[in-house]
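Below is data17.pdb, which holds PDB, C-alpha atoms.
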MODEL        1
ATOM      1  CA  MET A   1     -19.800  19.414  17.740  1.00  0.00           C
ATOM      2  CA  ALA A   2     -17.596  17.118  19.824  1.00  0.00           C
ATOM      3  CA  ARG A   3     -14.459  15.862  18.074  1.00  0.00           C
ATOM      4  CA  ILE A   4     -11.910  13.133  18.656  1.00  0.00           C
ATOM      5  CA  THR A   5      -8.693  13.312  16.645  1.00  0.00           C
ATOM      6  CA  LEU A   6      -6.608  10.158  16.449  1.00  0.00           C
ATOM      7  CA  ILE A   7      -2.917  10.645  15.605  1.00  0.00           C
ATOM      8  CA  ARG A   8      -0.415   7.858  15.154  1.00  0.00           C
ATOM      9  CA  HIS A   9       3.132   8.678  16.271  1.00  0.00           C
ATOM     10  CA  GLY A  10       5.767   9.567  13.676  1.00  0.00           C
ATOM     11  CA  LYS A  11       8.100   7.145  11.916  1.00  0.00           C
ATOM     12  CA  ALA A  12      10.447   5.665  14.499  1.00  0.00           C
ATOM     13  CA  GLU A  13      13.715   3.789  14.647  1.00  0.00           C
ATOM     14  CA  MET A  14      13.518   0.140  13.646  1.00  0.00           C
ATOM     15  CA  PRO A  15      13.060  -2.272  16.562  1.00  0.00           C
ATOM     16  CA  ARG A  16      16.227  -4.053  17.602  1.00  0.00           C
ATOM     17  CA  ILE A  17      16.504  -7.539  19.019  1.00  0.00           C
ATOM     18  CA  GLY A  18      16.829  -7.085  22.752  1.00  0.00           C
ATOM     19  CA  GLY A  19      16.058  -3.374  22.379  1.00  0.00           C
ATOM     20  CA  ASP A  20      13.477  -1.476  24.383  1.00  0.00           C
ATOM     21  CA  ASP A  21      10.446  -0.748  22.148  1.00  0.00           C
ATOM     22  CA  PHE A  22       9.245   1.902  24.608  1.00  0.00           C
ATOM     23  CA  GLU A  23      12.415   3.980  24.071  1.00  0.00           C
ATOM     24  CA  ARG A  24      12.479   3.947  20.256  1.00  0.00           C
ATOM     25  CA  GLY A  25      12.768   7.536  19.036  1.00  0.00           C
ATOM     26  CA  LEU A  26      11.706   9.259  15.845  1.00  0.00           C
ATOM     27  CA  ILE A  27      13.853   9.207  12.736  1.00  0.00           C
ATOM     28  CA  GLN A  28      14.323  12.374  10.655  1.00  0.00           C
ATOM     29  CA  ARG A  29      11.275  11.660   8.465  1.00  0.00           C
ATOM     30  CA  GLY A  30       9.162  11.120  11.583  1.00  0.00           C
ATOM     31  CA  MET A  31      10.284  14.485  12.953  1.00  0.00           C
ATOM     32  CA  GLN A  32       9.469  16.295   9.700  1.00  0.00           C
ATOM     33  CA  ASN A  33       6.092  14.592   9.464  1.00  0.00           C
ATOM     34  CA  ALA A  34       5.186  15.470  13.059  1.00  0.00           C
ATOM     35  CA  GLU A  35       5.961  19.130  12.391  1.00  0.00           C
ATOM     36  CA  ALA A  36       3.895  19.050   9.173  1.00  0.00           C
ATOM     37  CA  VAL A  37       0.947  17.429  10.952  1.00  0.00           C
ATOM     38  CA  GLY A  38       1.067  20.041  13.707  1.00  0.00           C
ATOM     39  CA  GLN A  39       1.049  22.832  11.126  1.00  0.00           C
ATOM     40  CA  PHE A  40      -1.828  21.166   9.266  1.00  0.00           C
ATOM     41  CA  MET A  41      -3.841  20.906  12.481  1.00  0.00           C
ATOM     42  CA  GLN A  42      -3.228  24.580  13.255  1.00  0.00           C
ATOM     43  CA  ASP A  43      -4.032  25.722   9.699  1.00  0.00           C
ATOM     44  CA  HIS A  44      -7.304  23.740   9.669  1.00  0.00           C
ATOM     45  CA  LYS A  45      -8.423  24.711  13.176  1.00  0.00           C
ATOM     46  CA  LEU A  46      -8.083  21.173  14.540  1.00  0.00           C
ATOM     47  CA  LEU A  47      -6.313  22.152  17.747  1.00  0.00           C
ATOM     48  CA  PRO A  48      -7.892  20.198  20.612  1.00  0.00           C
ATOM     49  CA  ASP A  49      -8.861  21.201  24.136  1.00  0.00           C
ATOM     50  CA  LEU A  50      -7.037  18.156  25.533  1.00  0.00           C
ATOM     51  CA  VAL A  51      -4.324  15.846  24.206  1.00  0.00           C
ATOM     52  CA  LEU A  52      -3.722  12.357  25.563  1.00  0.00           C
ATOM     53  CA  VAL A  53      -0.186  11.218  24.781  1.00  0.00           C
ATOM     54  CA  SER A  54       1.335   7.769  25.113  1.00  0.00           C
ATOM     55  CA  PRO A  55       4.428   7.841  27.316  1.00  0.00           C
ATOM     56  CA  ALA A  56       6.487   5.984  24.678  1.00  0.00           C
ATOM     57  CA  ARG A  57       9.392   8.142  23.510  1.00  0.00           C
ATOM     58  CA  ARG A  58       8.237   8.277  19.858  1.00  0.00           C
ATOM     59  CA  ALA A  59       4.743   9.473  20.857  1.00  0.00           C
ATOM     60  CA  ARG A  60       6.089  12.139  23.228  1.00  0.00           C
ATOM     61  CA  GLN A  61       8.478  13.387  20.545  1.00  0.00           C
ATOM     62  CA  THR A  62       5.649  13.468  18.004  1.00  0.00           C
ATOM     63  CA  TYR A  63       3.493  15.594  20.287  1.00  0.00           C
ATOM     64  CA  ASP A  64       6.359  17.939  21.182  1.00  0.00           C
ATOM     65  CA  LEU A  65       7.157  18.570  17.515  1.00  0.00           C
ATOM     66  CA  MET A  66       3.492  18.873  16.495  1.00  0.00           C
ATOM     67  CA  SER A  67       2.637  21.396  19.152  1.00  0.00           C
ATOM     68  CA  ALA A  68       5.848  23.470  19.092  1.00  0.00           C
ATOM     69  CA  GLY A  69       4.273  26.229  16.995  1.00  0.00           C
ATOM     70  CA  TRP A  70       0.759  26.154  18.407  1.00  0.00           C
ATOM     71  CA  PRO A  71      -0.227  29.551  19.827  1.00  0.00           C
ATOM     72  CA  ASN A  72      -2.120  28.217  22.867  1.00  0.00           C
ATOM     73  CA  PRO A  73      -1.037  24.659  23.656  1.00  0.00           C
ATOM     74  CA  PRO A  74      -3.875  22.514  25.015  1.00  0.00           C
ATOM     75  CA  ARG A  75      -3.927  20.641  28.291  1.00  0.00           C
ATOM     76  CA  VAL A  76      -1.793  17.494  27.950  1.00  0.00           C
ATOM     77  CA  VAL A  77      -2.033  14.211  29.817  1.00  0.00           C
ATOM     78  CA  TYR A  78       0.802  11.712  29.435  1.00  0.00           C
ATOM     79  CA  GLU A  79      -1.187   8.577  30.115  1.00  0.00           C
ATOM     80  CA  ASP A  80       0.801   5.426  30.939  1.00  0.00           C
ATOM     81  CA  LYS A  81      -2.139   3.232  29.941  1.00  0.00           C
ATOM     82  CA  LEU A  82      -1.970   4.447  26.304  1.00  0.00           C
ATOM     83  CA  TYR A  83       1.030   2.225  25.558  1.00  0.00           C
ATOM     84  CA  GLU A  84      -0.017  -1.196  24.219  1.00  0.00           C
ATOM     85  CA  VAL A  85      -3.681  -0.509  24.980  1.00  0.00           C
ATOM     86  CA  SER A  86      -6.816  -2.092  23.557  1.00  0.00           C
ATOM     87  CA  ALA A  87      -9.300   0.060  21.641  1.00  0.00           C
ATOM     88  CA  ASP A  88     -11.852  -0.454  24.443  1.00  0.00           C
ATOM     89  CA  THR A  89      -9.430   0.846  27.049  1.00  0.00           C
ATOM     90  CA  LEU A  90      -8.457   3.732  24.773  1.00  0.00           C
ATOM     91  CA  LEU A  91     -12.107   4.766  24.482  1.00  0.00           C
ATOM     92  CA  ARG A  92     -12.530   4.520  28.261  1.00  0.00           C
ATOM     93  CA  LEU A  93      -9.466   6.775  28.756  1.00  0.00           C
ATOM     94  CA  ILE A  94     -10.859   9.350  26.311  1.00  0.00           C
ATOM     95  CA  PHE A  95     -14.097   9.476  28.315  1.00  0.00           C
ATOM     96  CA  GLU A  96     -12.270   9.478  31.653  1.00  0.00           C
ATOM     97  CA  HIS A  97      -9.986  12.412  30.829  1.00  0.00           C
ATOM     98  CA  GLY A  98     -12.068  14.324  28.284  1.00  0.00           C
ATOM     99  CA  ARG A  99     -15.645  13.985  29.460  1.00  0.00           C
ATOM    100  CA  ASP A 100     -16.173  17.744  29.891  1.00  0.00           C
ATOM    101  CA  VAL A 101     -14.349  19.097  26.823  1.00  0.00           C
ATOM    102  CA  GLU A 102     -15.414  19.541  23.223  1.00  0.00           C
ATOM    103  CA  SER A 103     -12.333  18.062  21.556  1.00  0.00           C
ATOM    104  CA  VAL A 104      -9.725  15.458  22.446  1.00  0.00           C
ATOM    105  CA  ALA A 105      -6.692  14.351  20.455  1.00  0.00           C
ATOM    106  CA  VAL A 106      -4.840  11.114  21.108  1.00  0.00           C
ATOM    107  CA  VAL A 107      -1.200  10.593  20.111  1.00  0.00           C
ATOM    108  CA  GLY A 108      -0.714   6.872  20.269  1.00  0.00           C
ATOM    109  CA  HIS A 109      -0.162   3.569  18.528  1.00  0.00           C
ATOM    110  CA  ASN A 110      -1.713   1.000  16.253  1.00  0.00           C
ATOM    111  CA  PRO A 111      -3.578  -1.286  16.347  1.00  0.00           C
ATOM    112  CA  SER A 112      -5.733   0.471  18.972  1.00  0.00           C
ATOM    113  CA  LEU A 113      -6.060   3.696  16.948  1.00  0.00           C
ATOM    114  CA  VAL A 114      -7.243   2.049  13.730  1.00  0.00           C
ATOM    115  CA  VAL A 115      -9.574  -0.311  15.607  1.00  0.00           C
ATOM    116  CA  LEU A 116     -11.136   2.626  17.460  1.00  0.00           C
ATOM    117  CA  LEU A 117     -11.422   4.625  14.225  1.00  0.00           C
ATOM    118  CA  THR A 118     -13.403   1.859  12.542  1.00  0.00           C
ATOM    119  CA  HIS A 119     -15.551   1.518  15.670  1.00  0.00           C
ATOM    120  CA  PHE A 120     -16.393   5.236  15.472  1.00  0.00           C
ATOM    121  CA  VAL A 121     -17.156   5.448  11.750  1.00  0.00           C
ATOM    122  CA  GLY A 122     -17.408   1.882  10.433  1.00  0.00           C
ATOM    123  CA  LEU A 123     -15.841   0.721   7.202  1.00  0.00           C
ATOM    124  CA  ILE A 124     -18.377   2.478   5.004  1.00  0.00           C
ATOM    125  CA  ASP A 125     -16.240   5.046   3.199  1.00  0.00           C
ATOM    126  CA  GLY A 126     -15.431   3.564  -0.203  1.00  0.00           C
ATOM    127  CA  GLU A 127     -13.173   6.522  -1.003  1.00  0.00           C
ATOM    128  CA  VAL A 128     -10.745   6.034   1.896  1.00  0.00           C
ATOM    129  CA  ASN A 129      -9.012   2.885   3.081  1.00  0.00           C
ATOM    130  CA  LEU A 130      -9.557   3.263   6.825  1.00  0.00           C
ATOM    131  CA  GLY A 131      -7.485   0.166   7.523  1.00  0.00           C
ATOM    132  CA  TYR A 132      -4.356   1.941   6.267  1.00  0.00           C
ATOM    133  CA  PHE A 133      -3.318   4.144   9.188  1.00  0.00           C
ATOM    134  CA  PRO A 134       0.428   4.740   8.776  1.00  0.00           C
ATOM    135  CA  THR A 135       2.723   6.735  11.022  1.00  0.00           C
ATOM    136  CA  CYS A 136       1.728  10.373  11.493  1.00  0.00           C
ATOM    137  CA  CYS A 137      -1.746   9.728  10.122  1.00  0.00           C
ATOM    138  CA  VAL A 138      -4.488  11.992  11.492  1.00  0.00           C
ATOM    139  CA  ALA A 139      -8.168  11.036  11.621  1.00  0.00           C
ATOM    140  CA  ASP A 140     -10.612  13.695  12.782  1.00  0.00           C
ATOM    141  CA  ILE A 141     -13.995  12.319  13.864  1.00  0.00           C
ATOM    142  CA  GLY A 142     -17.037  14.453  14.645  1.00  0.00           C
ATOM    143  CA  PHE A 143     -20.020  13.591  16.834  1.00  0.00           C
ATOM    144  CA  ASP A 144     -23.447  15.181  17.244  1.00  0.00           C
ATOM    145  CA  ALA A 145     -22.859  16.227  20.844  1.00  0.00           C
ATOM    146  CA  ALA A 146     -21.620  19.293  22.677  1.00  0.00           C
ATOM    147  CA  LYS A 147     -18.868  17.517  24.610  1.00  0.00           C
ATOM    148  CA  ILE A 148     -17.058  14.200  24.664  1.00  0.00           C
ATOM    149  CA  GLY A 149     -19.050  12.851  27.601  1.00  0.00           C
ATOM    150  CA  ASP A 150     -22.250  13.078  25.527  1.00  0.00           C
ATOM    151  CA  ILE A 151     -21.115  11.273  22.380  1.00  0.00           C
ATOM    152  CA  ASP A 152     -22.384   7.956  21.081  1.00  0.00           C
ATOM    153  CA  PRO A 153     -19.126   6.200  20.090  1.00  0.00           C
ATOM    154  CA  GLU A 154     -20.829   4.345  17.256  1.00  0.00           C
ATOM    155  CA  GLU A 155     -22.211   7.524  15.662  1.00  0.00           C
ATOM    156  CA  GLY A 156     -18.994   9.237  14.591  1.00  0.00           C
ATOM    157  CA  ARG A 157     -18.526  10.926  11.244  1.00  0.00           C
ATOM    158  CA  LEU A 158     -15.117  10.995   9.567  1.00  0.00           C
ATOM    159  CA  LEU A 159     -14.397  14.687   8.989  1.00  0.00           C
ATOM    160  CA  SER A 160     -10.922  14.179   7.558  1.00  0.00           C
ATOM    161  CA  LEU A 161      -8.179  11.605   7.246  1.00  0.00           C
ATOM    162  CA  VAL A 162      -4.745  12.947   6.386  1.00  0.00           C
ATOM    163  CA  ARG A 163      -1.566  10.966   5.951  1.00  0.00           C
ATOM    164  CA  ALA A 164       1.729  12.761   6.521  1.00  0.00           C
ATOM    165  CA  ARG A 165       3.049  11.769   3.104  1.00  0.00           C
ATOM    166  CA  ASP A 166       0.325  14.000   1.645  1.00  0.00           C
ATOM    167  CA  LEU A 167       1.675  16.979   3.596  1.00  0.00           C
ATOM    168  CA  THR A 168       5.431  16.727   3.135  1.00  0.00           C
ATOM    169  CA  PRO A 169       7.595  16.174   0.071  1.00  0.00           C
ATOM    170  CA  LEU A 170       9.411  12.858  -0.087  1.00  0.00           C
ATOM    171  CA  GLY A 171      13.045  13.309   0.686  1.00  0.00           C
TER     172      GLY A 171
ENDMDL
END

Could you write out this file's structure as structure tokens?
Amino acid sequence: MARITLIRHGKAEMPRIGGDDFERGLIQRGMQNAEAVGQFMQDHKLLPDLVLVSPARRARQTYDLMSAGWPNPPRVVYEDKLYEVSADTLLRLIFEHGRDVESVAVVGHNPSLVVLLTHFVGLIDGEVNLGYFPTCCVADIGFDAAKIGDIDPEEGRLLSLVRARDLTPLG
């Protein structure tokens, strides 16, 4: 089964007037959440073959903290086009880089992640609010295909949706 895992970056510094959004880093909670998400992914066998990471500082930090304990880190592509990208472009980048693999994870930003998630699975799950995709949220989507290049993007099945607050104690 082909899988795409969408991961929003961890909680970052507040934007500042005149500040550079691209260079905003993670705050302590964002760091803890990224580590917890990485451990969750390892514990639940969600480690991907390929990870596409936005070049924004907060996304790079999230990936570095998530993957620090992974036994066999996957291939990573820091893709400039993942910053401030549309959901259509995000999907095209997933196909472009991950066509021949079984699983791809994306560490990126809203709104493209949540828009792509609802494109994959629709808004049919009455149990889960798919529109609420906070920082360090992880959505794992499965497809009836052997590899990413063979999926039908509109035929995804939500396998899990985990929010970091469910993994780490508030502190």

Counting all atoms listed in the file, the option among A:Arg163, A:Arg8, A:Arg58, A:His109 closest to A:Ser86:
A:His109

Expected answer as a PyMOL selection string: all residues with atoms within 8 Å of (1.1, 11.4, 27.9), all atoms listed in the file:
chain A and resi 51-55+60+76-80+82

For the residues in the current selection, export C-alpha atoms as a short mmCIF file (atom, residue, chain, number, x, y, z; two decimals), in the coordinates of the input.
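Result written to out-v3.cif:
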data_model
loop_
_atom_site.label_atom_id
_atom_site.label_comp_id
_atom_site.auth_asym_id
_atom_site.auth_seq_id
_atom_site.Cartn_x
_atom_site.Cartn_y
_atom_site.Cartn_z
CA VAL A 51 -4.32 15.85 24.21
CA LEU A 52 -3.72 12.36 25.56
CA VAL A 53 -0.19 11.22 24.78
CA SER A 54 1.34 7.77 25.11
CA PRO A 55 4.43 7.84 27.32
CA ARG A 60 6.09 12.14 23.23
CA VAL A 76 -1.79 17.49 27.95
CA VAL A 77 -2.03 14.21 29.82
CA TYR A 78 0.80 11.71 29.44
CA GLU A 79 -1.19 8.58 30.12
CA ASP A 80 0.80 5.43 30.94
CA LEU A 82 -1.97 4.45 26.30
#

Where does the PyMOL selection byres ((chain A and resi 161) around 7) land in this file, that is, which residues does it pick, as an MDAnalysis selection string?
chainID A and resid 138:140 160 162:163

Keeping C-alpha atoms, export the residues of the selection given above as a PDB file, in the frame of the given file.
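Output contents, as saved in part_2.pdb:
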ATOM      1  CA  VAL A 138      -4.488  11.992  11.492  1.00  0.00           C
ATOM      2  CA  ALA A 139      -8.168  11.036  11.621  1.00  0.00           C
ATOM      3  CA  ASP A 140     -10.612  13.695  12.782  1.00  0.00           C
ATOM      4  CA  SER A 160     -10.922  14.179   7.558  1.00  0.00           C
ATOM      5  CA  VAL A 162      -4.745  12.947   6.386  1.00  0.00           C
ATOM      6  CA  ARG A 163      -1.566  10.966   5.951  1.00  0.00           C
TER       7      ARG A 163
END

Run through the PyMOL selection byres ((chain A and resi 146) around 10) on the given coordinates and return the selected residues as a PDB file with C-alpha atoms, in the coordinates of the input.
ATOM      1  CA  MET A   1     -19.800  19.414  17.740  1.00  0.00           C
ATOM      2  CA  ALA A   2     -17.596  17.118  19.824  1.00  0.00           C
ATOM      3  CA  ARG A   3     -14.459  15.862  18.074  1.00  0.00           C
ATOM      4  CA  ASP A 100     -16.173  17.744  29.891  1.00  0.00           C
ATOM      5  CA  VAL A 101     -14.349  19.097  26.823  1.00  0.00           C
ATOM      6  CA  GLU A 102     -15.414  19.541  23.223  1.00  0.00           C
ATOM      7  CA  SER A 103     -12.333  18.062  21.556  1.00  0.00           C
ATOM      8  CA  PHE A 143     -20.020  13.591  16.834  1.00  0.00           C
ATOM      9  CA  ASP A 144     -23.447  15.181  17.244  1.00  0.00           C
ATOM     10  CA  ALA A 145     -22.859  16.227  20.844  1.00  0.00           C
ATOM     11  CA  LYS A 147     -18.868  17.517  24.610  1.00  0.00           C
ATOM     12  CA  ILE A 148     -17.058  14.200  24.664  1.00  0.00           C
ATOM     13  CA  GLY A 149     -19.050  12.851  27.601  1.00  0.00           C
ATOM     14  CA  ASP A 150     -22.250  13.078  25.527  1.00  0.00           C
ATOM     15  CA  ILE A 151     -21.115  11.273  22.380  1.00  0.00           C
TER      16      ILE A 151
END

Where's the centre, and what are the edge lengths in Å to one decimal, of a box along x, y and z enclosing all listed atoms of stretch 94-99 of chain A padded 3 Å per side, as AutoDock Vina command-line options?
--center_x -12.8 --center_y 11.8 --center_z 29.0 --size_x 11.7 --size_y 11.0 --size_z 11.3

Any idea what the distance is between atom CA of A:Glu154 and atom CA of A:Cys137?
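Separating atom CA of A:Glu154 from atom CA of A:Cys137 is a distance of 21.1 Å.
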
Between atom CA of A:Glu13 and atom CA of A:Gln61, distance in Å (one decimal)
12.4 Å

How far is it from atom CA of A:Ala34 to atom CA of A:Phe133, in Å with one decimal?
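Between atom CA of A:Ala34 and atom CA of A:Phe133 the gap works out to 14.7 Å.
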
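Matched in the shown structure by the PyMOL selection byres ((chain A and resi 42) around 12): Glu35, Ala36, Val37, Gly38, Gln39, Phe40, Met41, Asp43, His44, Lys45, Leu46, Leu47, Pro48, Met66, Ser67, Ala68, Gly69, Trp70, Pro71, Asn72, Pro73 and Pro74 of chain A.
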
With all atoms listed in the file as the basis for distance, which of A:Pro15, A:Gly122, A:Gly10, A:Gly98 is at the shortest distance from A:Tyr63?
A:Gly10
